[in-house]
$ cat data_14.csv   # CSV, N, CA and C atoms
chain,number,residue,atom,x,y,z
A,1382,GLN,N,-22.9,-12.7,-9.4
A,1382,GLN,CA,-22.7,-11.9,-8.3
A,1382,GLN,C,-21.2,-11.6,-8.2
A,1383,VAL,N,-20.8,-10.3,-8.1
A,1383,VAL,CA,-19.4,-9.9,-8.0
A,1383,VAL,C,-19.0,-9.9,-6.5
A,1384,ARG,N,-17.9,-10.6,-6.3
A,1384,ARG,CA,-17.3,-10.5,-4.9
A,1384,ARG,C,-15.8,-10.3,-5.0
A,1385,LEU,N,-15.3,-9.5,-4.1
A,1385,LEU,CA,-13.8,-9.3,-3.9
A,1385,LEU,C,-13.6,-9.6,-2.5
A,1386,VAL,N,-12.7,-10.6,-2.2
A,1386,VAL,CA,-12.4,-11.0,-0.9
A,1386,VAL,C,-10.9,-10.9,-0.6
A,1387,GLU,N,-10.6,-10.0,0.4
A,1387,GLU,CA,-9.2,-9.8,0.8
A,1387,GLU,C,-8.8,-10.8,1.9
A,1388,SER,N,-7.5,-11.1,1.9
A,1388,SER,CA,-7.0,-12.0,2.9
A,1388,SER,C,-5.5,-11.6,3.1
A,1389,GLY,N,-4.9,-12.1,4.2
A,1389,GLY,CA,-3.5,-11.8,4.4
A,1389,GLY,C,-3.2,-10.7,5.4
A,1390,GLY,N,-4.2,-10.0,5.9
A,1390,GLY,CA,-3.9,-9.0,6.9
A,1390,GLY,C,-3.5,-9.6,8.2
A,1391,GLY,N,-3.0,-8.8,9.1
A,1391,GLY,CA,-2.6,-9.3,10.4
A,1391,GLY,C,-1.7,-8.3,11.0
A,1392,SER,N,-0.9,-8.8,12.0
A,1392,SER,CA,0.0,-8.0,12.7
A,1392,SER,C,1.5,-8.3,12.3
A,1393,ALA,N,2.3,-7.2,12.3
A,1393,ALA,CA,3.7,-7.4,12.1
A,1393,ALA,C,4.4,-6.3,12.8
A,1394,GLN,N,5.7,-6.5,13.0
A,1394,GLN,CA,6.6,-5.5,13.5
A,1394,GLN,C,7.1,-4.6,12.4
A,1395,ALA,N,7.4,-3.4,12.8
A,1395,ALA,CA,8.1,-2.5,11.9
A,1395,ALA,C,9.3,-3.1,11.2
A,1396,GLY,N,9.4,-3.0,9.9
A,1396,GLY,CA,10.5,-3.6,9.2
A,1396,GLY,C,10.2,-4.9,8.6
A,1397,GLY,N,9.0,-5.5,9.1
A,1397,GLY,CA,8.6,-6.8,8.6
A,1397,GLY,C,7.8,-6.7,7.3
A,1398,SER,N,7.2,-7.8,6.9
A,1398,SER,CA,6.5,-7.9,5.6
A,1398,SER,C,5.2,-8.6,5.8
A,1399,LEU,N,4.3,-8.2,5.0
A,1399,LEU,CA,3.0,-8.9,4.9
A,1399,LEU,C,2.6,-8.9,3.4
A,1400,ARG,N,1.8,-9.9,3.0
A,1400,ARG,CA,1.3,-10.0,1.7
A,1400,ARG,C,-0.2,-10.1,1.7
A,1401,LEU,N,-0.9,-9.1,1.1
A,1401,LEU,CA,-2.3,-9.1,1.0
A,1401,LEU,C,-2.7,-9.7,-0.3
A,1402,SER,N,-3.8,-10.4,-0.3
A,1402,SER,CA,-4.3,-11.0,-1.6
A,1402,SER,C,-5.8,-10.7,-1.7
A,1403,CYS,N,-6.3,-10.5,-2.9
A,1403,CYS,CA,-7.7,-10.2,-3.2
A,1403,CYS,C,-8.1,-11.1,-4.3
A,1404,ARG,N,-9.1,-12.0,-4.0
A,1404,ARG,CA,-9.6,-12.9,-5.0
A,1404,ARG,C,-11.0,-12.4,-5.4
A,1405,MET,N,-11.1,-12.4,-6.7
A,1405,MET,CA,-12.4,-11.9,-7.3
A,1405,MET,C,-13.2,-13.1,-7.8
A,1406,SER,N,-14.5,-13.0,-7.7
A,1406,SER,CA,-15.4,-13.9,-8.4
A,1406,SER,C,-16.5,-13.1,-9.0
A,1407,GLY,N,-17.0,-13.6,-10.1
A,1407,GLY,CA,-18.0,-12.9,-10.9
A,1407,GLY,C,-17.4,-11.9,-11.9
A,1408,ILE,N,-16.2,-11.6,-11.7
A,1408,ILE,CA,-15.5,-10.8,-12.7
A,1408,ILE,C,-14.0,-11.3,-12.7
A,1409,THR,N,-13.3,-10.8,-13.8
A,1409,THR,CA,-11.9,-11.1,-13.8
A,1409,THR,C,-11.1,-9.7,-13.8
A,1410,ALA,N,-9.8,-9.8,-13.7
A,1410,ALA,CA,-9.0,-8.6,-13.7
A,1410,ALA,C,-8.8,-8.0,-15.1
A,1411,ASP,N,-9.3,-8.7,-16.1
A,1411,ASP,CA,-9.1,-8.3,-17.5
A,1411,ASP,C,-9.5,-6.8,-17.8
A,1412,ARG,N,-8.6,-6.1,-18.3
A,1412,ARG,CA,-8.8,-4.7,-18.8
A,1412,ARG,C,-9.5,-3.8,-17.7
A,1413,ARG,N,-8.9,-3.9,-16.5
A,1413,ARG,CA,-9.4,-3.0,-15.5
A,1413,ARG,C,-8.3,-2.3,-14.8
A,1414,CYS,N,-8.6,-1.3,-14.0
A,1414,CYS,CA,-7.7,-0.8,-13.0
A,1414,CYS,C,-8.0,-1.4,-11.7
A,1415,MET,N,-7.0,-2.1,-11.2
A,1415,MET,CA,-7.2,-2.7,-9.9
A,1415,MET,C,-6.4,-1.9,-8.8
A,1416,ALA,N,-6.9,-1.8,-7.7
A,1416,ALA,CA,-6.3,-0.9,-6.7
A,1416,ALA,C,-6.4,-1.5,-5.3
A,1417,TRP,N,-5.5,-1.0,-4.5
A,1417,TRP,CA,-5.5,-1.2,-3.0
A,1417,TRP,C,-5.6,0.2,-2.4
A,1418,PHE,N,-6.5,0.3,-1.5
A,1418,PHE,CA,-6.7,1.5,-0.7
A,1418,PHE,C,-6.5,1.1,0.8
A,1419,ARG,N,-6.2,2.2,1.5
A,1419,ARG,CA,-6.0,2.0,3.0
A,1419,ARG,C,-6.9,3.1,3.7
A,1420,GLN,N,-7.4,2.7,4.8
A,1420,GLN,CA,-8.3,3.6,5.5
A,1420,GLN,C,-8.0,3.4,7.0
A,1421,VAL,N,-7.8,4.6,7.7
A,1421,VAL,CA,-7.7,4.6,9.1
A,1421,VAL,C,-8.9,5.3,9.7
A,1422,PRO,N,-9.3,5.0,10.9
A,1422,PRO,CA,-10.5,5.6,11.5
A,1422,PRO,C,-10.4,7.2,11.4
A,1423,GLY,N,-11.5,7.7,11.0
A,1423,GLY,CA,-11.6,9.2,10.9
A,1423,GLY,C,-11.1,9.8,9.7
A,1424,LYS,N,-10.5,9.0,8.8
A,1424,LYS,CA,-9.9,9.5,7.6
A,1424,LYS,C,-10.5,8.9,6.4
A,1425,GLU,N,-10.4,9.5,5.2
A,1425,GLU,CA,-10.9,9.0,4.0
A,1425,GLU,C,-10.0,7.8,3.5
A,1426,ARG,N,-10.5,7.0,2.7
A,1426,ARG,CA,-9.7,6.0,2.1
A,1426,ARG,C,-8.7,6.6,1.1
A,1427,GLU,N,-7.5,6.2,1.2
A,1427,GLU,CA,-6.4,6.7,0.3
A,1427,GLU,C,-5.8,5.6,-0.5
A,1428,GLY,N,-5.6,5.9,-1.7
A,1428,GLY,CA,-5.0,4.9,-2.6
A,1428,GLY,C,-3.5,4.6,-2.3
A,1429,VAL,N,-3.2,3.3,-2.3
A,1429,VAL,CA,-1.9,2.9,-2.0
A,1429,VAL,C,-1.2,2.4,-3.2
A,1430,ALA,N,-1.8,1.6,-4.0
A,1430,ALA,CA,-1.2,1.1,-5.2
A,1430,ALA,C,-2.3,0.8,-6.3
A,1431,THR,N,-1.9,0.9,-7.5
A,1431,THR,CA,-2.8,0.5,-8.6
A,1431,THR,C,-2.1,-0.2,-9.7
A,1432,ILE,N,-2.8,-1.0,-10.4
A,1432,ILE,CA,-2.2,-1.7,-11.6
A,1432,ILE,C,-3.3,-1.7,-12.7
A,1433,SER,N,-2.9,-1.3,-13.9
A,1433,SER,CA,-3.7,-1.4,-15.0
A,1433,SER,C,-3.5,-2.7,-15.7
A,1434,THR,N,-4.5,-3.5,-15.8
A,1434,THR,CA,-4.3,-4.8,-16.4
A,1434,THR,C,-4.3,-4.7,-18.0
A,1435,ALA,N,-4.7,-3.5,-18.5
A,1435,ALA,CA,-4.6,-3.3,-19.9
A,1435,ALA,C,-3.2,-2.9,-20.3
A,1436,THR,N,-2.5,-2.2,-19.5
A,1436,THR,CA,-1.1,-1.7,-19.8
A,1436,THR,C,0.0,-2.3,-18.9
A,1437,ASP,N,-0.4,-3.0,-17.9
A,1437,ASP,CA,0.5,-3.5,-16.9
A,1437,ASP,C,1.3,-2.4,-16.1
A,1438,ARG,N,0.8,-1.2,-16.2
A,1438,ARG,CA,1.4,-0.1,-15.5
A,1438,ARG,C,1.0,-0.1,-14.1
A,1439,THR,N,1.9,0.2,-13.2
A,1439,THR,CA,1.6,0.3,-11.8
A,1439,THR,C,1.9,1.7,-11.3
A,1440,ASP,N,1.3,2.0,-10.2
A,1440,ASP,CA,1.5,3.3,-9.6
A,1440,ASP,C,1.4,3.2,-8.1
A,1441,TYR,N,2.2,3.9,-7.3
A,1441,TYR,CA,2.2,3.8,-5.9
A,1441,TYR,C,2.1,5.2,-5.2
A,1442,ALA,N,1.5,5.2,-4.1
A,1442,ALA,CA,1.6,6.4,-3.3
A,1442,ALA,C,3.1,6.6,-2.9
A,1443,ASP,N,3.4,7.9,-2.8
A,1443,ASP,CA,4.8,8.2,-2.4
A,1443,ASP,C,5.3,7.5,-1.1
A,1444,SER,N,4.4,7.4,-0.2
A,1444,SER,CA,4.7,6.8,1.1
A,1444,SER,C,5.1,5.3,1.0
A,1445,VAL,N,4.8,4.7,-0.1
A,1445,VAL,CA,5.1,3.2,-0.1
A,1445,VAL,C,6.0,2.8,-1.3
A,1446,LYS,N,6.4,3.8,-2.1
A,1446,LYS,CA,7.2,3.5,-3.3
A,1446,LYS,C,8.5,2.8,-2.8
A,1447,GLY,N,8.8,1.8,-3.6
A,1447,GLY,CA,10.1,1.1,-3.3
A,1447,GLY,C,9.9,0.0,-2.2
A,1448,ARG,N,8.8,0.0,-1.6
A,1448,ARG,CA,8.6,-1.0,-0.5
A,1448,ARG,C,7.4,-1.9,-0.8
A,1449,PHE,N,6.4,-1.4,-1.5
A,1449,PHE,CA,5.2,-2.2,-1.8
A,1449,PHE,C,5.2,-2.5,-3.3
A,1450,THR,N,4.7,-3.7,-3.6
A,1450,THR,CA,4.6,-4.2,-5.0
A,1450,THR,C,3.2,-4.8,-5.2
A,1451,VAL,N,2.5,-4.3,-6.3
A,1451,VAL,CA,1.2,-4.8,-6.6
A,1451,VAL,C,1.3,-5.7,-7.9
A,1452,THR,N,0.7,-6.8,-7.8
A,1452,THR,CA,0.7,-7.8,-8.9
A,1452,THR,C,-0.7,-8.3,-9.1
A,1453,THR,N,-0.9,-8.9,-10.3
A,1453,THR,CA,-2.3,-9.4,-10.6
A,1453,THR,C,-2.2,-10.6,-11.4
A,1454,SER,N,-3.2,-11.4,-11.3
A,1454,SER,CA,-3.4,-12.5,-12.2
A,1454,SER,C,-4.8,-12.4,-12.7
A,1455,TRP,N,-5.4,-13.4,-13.4
A,1455,TRP,CA,-6.7,-13.2,-14.0
A,1455,TRP,C,-7.8,-13.0,-13.0
A,1456,ASN,N,-7.6,-13.5,-11.8
A,1456,ASN,CA,-8.7,-13.2,-10.8
A,1456,ASN,C,-8.2,-12.9,-9.4
A,1457,THR,N,-7.0,-12.4,-9.3
A,1457,THR,CA,-6.4,-12.0,-8.0
A,1457,THR,C,-5.6,-10.7,-8.2
A,1458,VAL,N,-5.5,-9.9,-7.2
A,1458,VAL,CA,-4.6,-8.8,-7.1
A,1458,VAL,C,-4.0,-8.9,-5.7
A,1459,ASP,N,-2.6,-8.9,-5.7
A,1459,ASP,CA,-1.9,-9.0,-4.5
A,1459,ASP,C,-1.1,-7.7,-4.2
A,1460,LEU,N,-0.8,-7.6,-2.9
A,1460,LEU,CA,0.0,-6.4,-2.5
A,1460,LEU,C,1.1,-7.0,-1.6
A,1461,GLN,N,2.3,-7.0,-2.0
A,1461,GLN,CA,3.4,-7.3,-1.2
A,1461,GLN,C,3.9,-6.1,-0.5
A,1462,MET,N,4.0,-6.2,0.8
A,1462,MET,CA,4.3,-5.0,1.6
A,1462,MET,C,5.6,-5.3,2.4
A,1463,ASN,N,6.7,-4.7,2.1
A,1463,ASN,CA,8.0,-4.9,2.8
A,1463,ASN,C,8.4,-3.7,3.5
A,1464,SER,N,9.3,-3.9,4.4
A,1464,SER,CA,9.9,-2.7,5.2
A,1464,SER,C,8.7,-1.9,5.8
A,1465,LEU,N,7.8,-2.6,6.5
A,1465,LEU,CA,6.6,-2.0,7.0
A,1465,LEU,C,6.9,-1.0,8.0
A,1466,LYS,N,6.1,0.1,8.0
A,1466,LYS,CA,6.2,1.1,9.0
A,1466,LYS,C,4.9,1.2,9.8
A,1467,PRO,N,4.9,1.7,11.0
A,1467,PRO,CA,3.7,1.8,11.8
A,1467,PRO,C,2.6,2.6,11.1
A,1468,GLU,N,2.9,3.5,10.3
A,1468,GLU,CA,1.9,4.3,9.6
A,1468,GLU,C,1.2,3.5,8.5
A,1469,ALA,N,1.6,2.3,8.2
A,1469,ALA,CA,0.9,1.4,7.3
A,1469,ALA,C,-0.3,0.7,8.0
A,1470,THR,N,-0.5,0.9,9.3
A,1470,THR,CA,-1.6,0.4,10.0
A,1470,THR,C,-2.9,0.9,9.4
A,1471,GLY,N,-3.9,0.0,9.3
A,1471,GLY,CA,-5.2,0.5,8.8
A,1471,GLY,C,-5.9,-0.7,8.2
A,1472,SER,N,-7.1,-0.4,7.6
A,1472,SER,CA,-7.9,-1.4,6.9
A,1472,SER,C,-7.5,-1.2,5.4
A,1473,TYR,N,-7.2,-2.4,4.8
A,1473,TYR,CA,-6.9,-2.4,3.4
A,1473,TYR,C,-8.0,-3.0,2.6
A,1474,PHE,N,-8.3,-2.3,1.5
A,1474,PHE,CA,-9.4,-2.7,0.6
A,1474,PHE,C,-8.9,-2.8,-0.8
A,1475,CYS,N,-9.3,-3.9,-1.5
A,1475,CYS,CA,-9.1,-4.0,-2.9
A,1475,CYS,C,-10.3,-3.5,-3.6
A,1476,ALA,N,-10.0,-3.0,-4.8
A,1476,ALA,CA,-11.1,-2.4,-5.6
A,1476,ALA,C,-10.8,-2.6,-7.1
A,1477,ALA,N,-11.9,-2.6,-7.9
A,1477,ALA,CA,-11.8,-2.8,-9.3
A,1477,ALA,C,-12.7,-1.9,-10.0
A,1478,THR,N,-12.3,-1.4,-11.2
A,1478,THR,CA,-13.1,-0.6,-12.1
A,1478,THR,C,-14.0,-1.5,-12.9
A,1479,SER,N,-14.8,-0.9,-13.7
A,1479,SER,CA,-15.5,-1.6,-14.7
A,1479,SER,C,-14.5,-2.0,-15.8
A,1480,SER,N,-15.0,-2.8,-16.8
A,1480,SER,CA,-14.1,-3.3,-17.9
A,1480,SER,C,-14.8,-3.1,-19.2
A,1481,PRO,N,-14.2,-2.6,-20.3
A,1481,PRO,CA,-12.8,-2.2,-20.3
A,1481,PRO,C,-12.6,-0.8,-19.7
A,1482,TRP,N,-11.4,-0.6,-19.1
A,1482,TRP,CA,-11.1,0.6,-18.4
A,1482,TRP,C,-9.8,1.2,-19.0
A,1483,TYR,N,-9.9,2.3,-19.7
A,1483,TYR,CA,-8.8,2.9,-20.3
A,1483,TYR,C,-8.6,4.4,-19.8
A,1484,ALA,N,-9.3,4.7,-18.8
A,1484,ALA,CA,-9.1,6.0,-18.2
A,1484,ALA,C,-7.9,5.9,-17.2
A,1485,GLY,N,-7.8,6.9,-16.4
A,1485,GLY,CA,-6.6,6.9,-15.5
A,1485,GLY,C,-6.6,5.8,-14.5
A,1486,CYS,N,-5.4,5.4,-14.1
A,1486,CYS,CA,-5.3,4.3,-13.1
A,1486,CYS,C,-4.0,4.7,-12.3
A,1487,GLN,N,-4.2,5.6,-11.4
A,1487,GLN,CA,-3.1,6.0,-10.5
A,1487,GLN,C,-3.5,5.8,-9.1
A,1488,SER,N,-2.5,5.8,-8.2
A,1488,SER,CA,-2.8,5.7,-6.8
A,1488,SER,C,-3.7,6.8,-6.3
A,1489,GLY,N,-3.7,7.9,-7.0
A,1489,GLY,CA,-4.6,9.0,-6.6
A,1489,GLY,C,-5.9,9.0,-7.2
A,1490,SER,N,-6.2,8.0,-8.0
A,1490,SER,CA,-7.6,7.9,-8.6
A,1490,SER,C,-8.7,7.9,-7.5
A,1491,PRO,N,-9.7,8.6,-7.8
A,1491,PRO,CA,-10.8,8.7,-6.8
A,1491,PRO,C,-11.5,7.4,-6.5
A,1492,THR,N,-12.1,7.2,-5.4
A,1492,THR,CA,-12.8,6.0,-5.0
A,1492,THR,C,-14.0,5.8,-6.0
A,1493,GLY,N,-14.5,6.9,-6.5
A,1493,GLY,CA,-15.7,6.8,-7.4
A,1493,GLY,C,-15.4,6.1,-8.7
A,1494,PHE,N,-14.1,5.9,-9.0
A,1494,PHE,CA,-13.7,5.1,-10.2
A,1494,PHE,C,-14.1,3.7,-10.0
A,1495,PHE,N,-14.2,3.2,-8.8
A,1495,PHE,CA,-14.2,1.8,-8.5
A,1495,PHE,C,-15.6,1.3,-8.0
A,1496,PRO,N,-16.4,0.7,-8.8
A,1496,PRO,CA,-17.7,0.2,-8.4
A,1496,PRO,C,-17.6,-1.1,-7.6
A,1497,TYR,N,-16.5,-1.8,-7.6
A,1497,TYR,CA,-16.4,-3.1,-6.9
A,1497,TYR,C,-15.4,-3.0,-5.8
A,1498,TRP,N,-15.7,-3.4,-4.6
A,1498,TRP,CA,-14.9,-3.3,-3.4
A,1498,TRP,C,-15.0,-4.6,-2.6
A,1499,GLY,N,-13.8,-4.9,-2.0
A,1499,GLY,CA,-13.8,-6.0,-1.0
A,1499,GLY,C,-14.3,-5.4,0.4
A,1500,GLN,N,-14.3,-6.3,1.3
A,1500,GLN,CA,-14.8,-5.9,2.7
A,1500,GLN,C,-13.7,-5.4,3.5
A,1501,GLY,N,-12.4,-5.6,3.1
A,1501,GLY,CA,-11.3,-5.0,3.8
A,1501,GLY,C,-10.6,-6.1,4.7
A,1502,THR,N,-9.4,-5.8,4.9
A,1502,THR,CA,-8.6,-6.7,5.8
A,1502,THR,C,-7.7,-5.8,6.7
A,1503,GLN,N,-7.6,-6.1,8.0
A,1503,GLN,CA,-6.9,-5.2,8.9
A,1503,GLN,C,-5.4,-5.5,8.9
A,1504,VAL,N,-4.6,-4.4,8.9
A,1504,VAL,CA,-3.2,-4.5,9.1
A,1504,VAL,C,-2.8,-3.7,10.3
A,1505,SER,N,-1.9,-4.3,11.1
A,1505,SER,CA,-1.5,-3.5,12.3
A,1505,SER,C,0.0,-3.7,12.4
A,1506,ILE,N,0.7,-2.6,12.4
A,1506,ILE,CA,2.2,-2.6,12.4
A,1506,ILE,C,2.6,-1.9,13.7
A,1507,SER,N,3.4,-2.7,14.5
A,1507,SER,CA,3.9,-2.1,15.8
A,1507,SER,C,5.3,-1.7,15.6
A,1508,SER,N,5.7,-0.7,16.4
A,1508,SER,CA,7.1,-0.2,16.3
A,1508,SER,C,8.0,-0.9,17.3
$ encode --input "data_14.csv" --output "structure tokens"
Amino acid sequence: QVRLVESGGGSAQAGGSLRLSCRMSGITADRRCMAWFRQVPGKEREGVATISTATDRTDYADSVKGRFTVTTSWNTVDLQMNSLKPEATGSYFCAATSSPWYAGCQSGSPTGFFPYWGQGTQVSISS
């Protein structure tokens, strides 16, 4: 059984930092595109950051470049979020593609690329 479980969400003030972690079981990160998505009520999930474990390439949404960093190990994918802004508020989901994955792996990749999802963790940033 494949499971992705996020942790590390919570509340922070603008300018602060949070670190999200996603632990996988039933699969590993090997040769996949791993992603973090954010969703706010009434809107579609949007890609925040991706990492290709085949190439180690990362990609970030313009809104978070220079402030967020995505890293991965064999069964985790983390998102370090610094200099947080109120617009970072939302539910954060980690996601994984099938393996091996050699197609696109960008922050704009569609949700349909990812068959595996976590349940989400809430982040709330106050101004």
$ residues_near_point --input "data_14.csv" --point "(-10.2, -9.7, -18.4)" --cutoff "8 Å" --atoms "only N, CA and C atoms" --output "list of chain:residue names"
A:Ile1408, A:Thr1409, A:Ala1410, A:Asp1411, A:Arg1412, A:Arg1413, A:Thr1434, A:Trp1455, A:Ser1480
$ residues_near_point --input "data_14.csv" --point "(-4.2, -4.1, -2.2)" --cutoff "6 Å" --atoms "only C-alpha atoms" --output "PyMOL selection string"
chain A and resi 1416-1417+1459-1460+1475
$ residues_around --input "data_14.csv" --residues "Pro1422 of chain A" --least-positions-apart "4" --cutoff "8 Å" --atoms "only N, CA and C atoms" --output "list in words"
Thr1470, Gly1471 and Ser1472 of chain A
$ closest_residue --input "data_14.csv" --among "A:Ala1430, A:Ala1484, A:Val1458, A:Cys1403" --to "Phe1418 of chain A" --atoms "all atoms listed in the file"
A:Ala1430
$ atom_distance --input "data_14.csv" --atom1 "atom N of Ala1393 of chain A" --atom2 "atom N of Phe1474 of chain A"
15.9 Å
$ closest_residue --input "data_14.csv" --among "A:Thr1436, A:Thr1492, A:Thr1457, A:Ser1444" --to "Arg1404 of chain A" --atoms "all atoms listed in the file"
A:Thr1457
$ atom_distance --input "data_14.csv" --atom1 "atom CA of Cys1414 of chain A" --atom2 "atom CA of Tyr1473 of chain A"
16.5 Å
$ residues_around --input "data_14.csv" --residues "Gly1407 of chain A" --least-positions-apart "4" --cutoff "5 Å" --atoms "only N, CA and C atoms" --output "JSON, numbers by chain"
{"A": [1382, 1383, 1384]}
$ atom_distance --input "data_14.csv" --atom1 "atom C of Ser1406 of chain A" --atom2 "atom C of Ser1392 of chain A"
28.3 Å
$ residues_around --input "data_14.csv" --residues "Ser1507 of chain A" --least-positions-apart "4" --cutoff "6 Å" --atoms "only N, CA and C atoms" --output "NGL selection string"
:A and (1393-1395 or 1467)
$ closest_residue --input "data_14.csv" --among "A:Thr1452, A:Ser1479, A:Ser1402, A:Ser1490" --to "Gly1390 of chain A" --atoms "only C-alpha atoms"
A:Ser1402
$ closest_residue --input "data_14.csv" --among "A:Thr1502, A:Ser1488, A:Ser1508, A:Ser1454" --to "Asp1440 of chain A" --atoms "only N, CA and C atoms"
A:Ser1488
$ closest_residue --input "data_14.csv" --among "A:Ala1469, A:Val1451, A:Val1445, A:Met1462" --to "Arg1419 of chain A" --atoms "all atoms listed in the file"
A:Ala1469
$ closest_residue --input "data_14.csv" --among "A:Gly1396, A:Gly1485, A:Gly1501, A:Pro1491" --to "Ala1435 of chain A" --atoms "only C-alpha atoms"
A:Gly1485
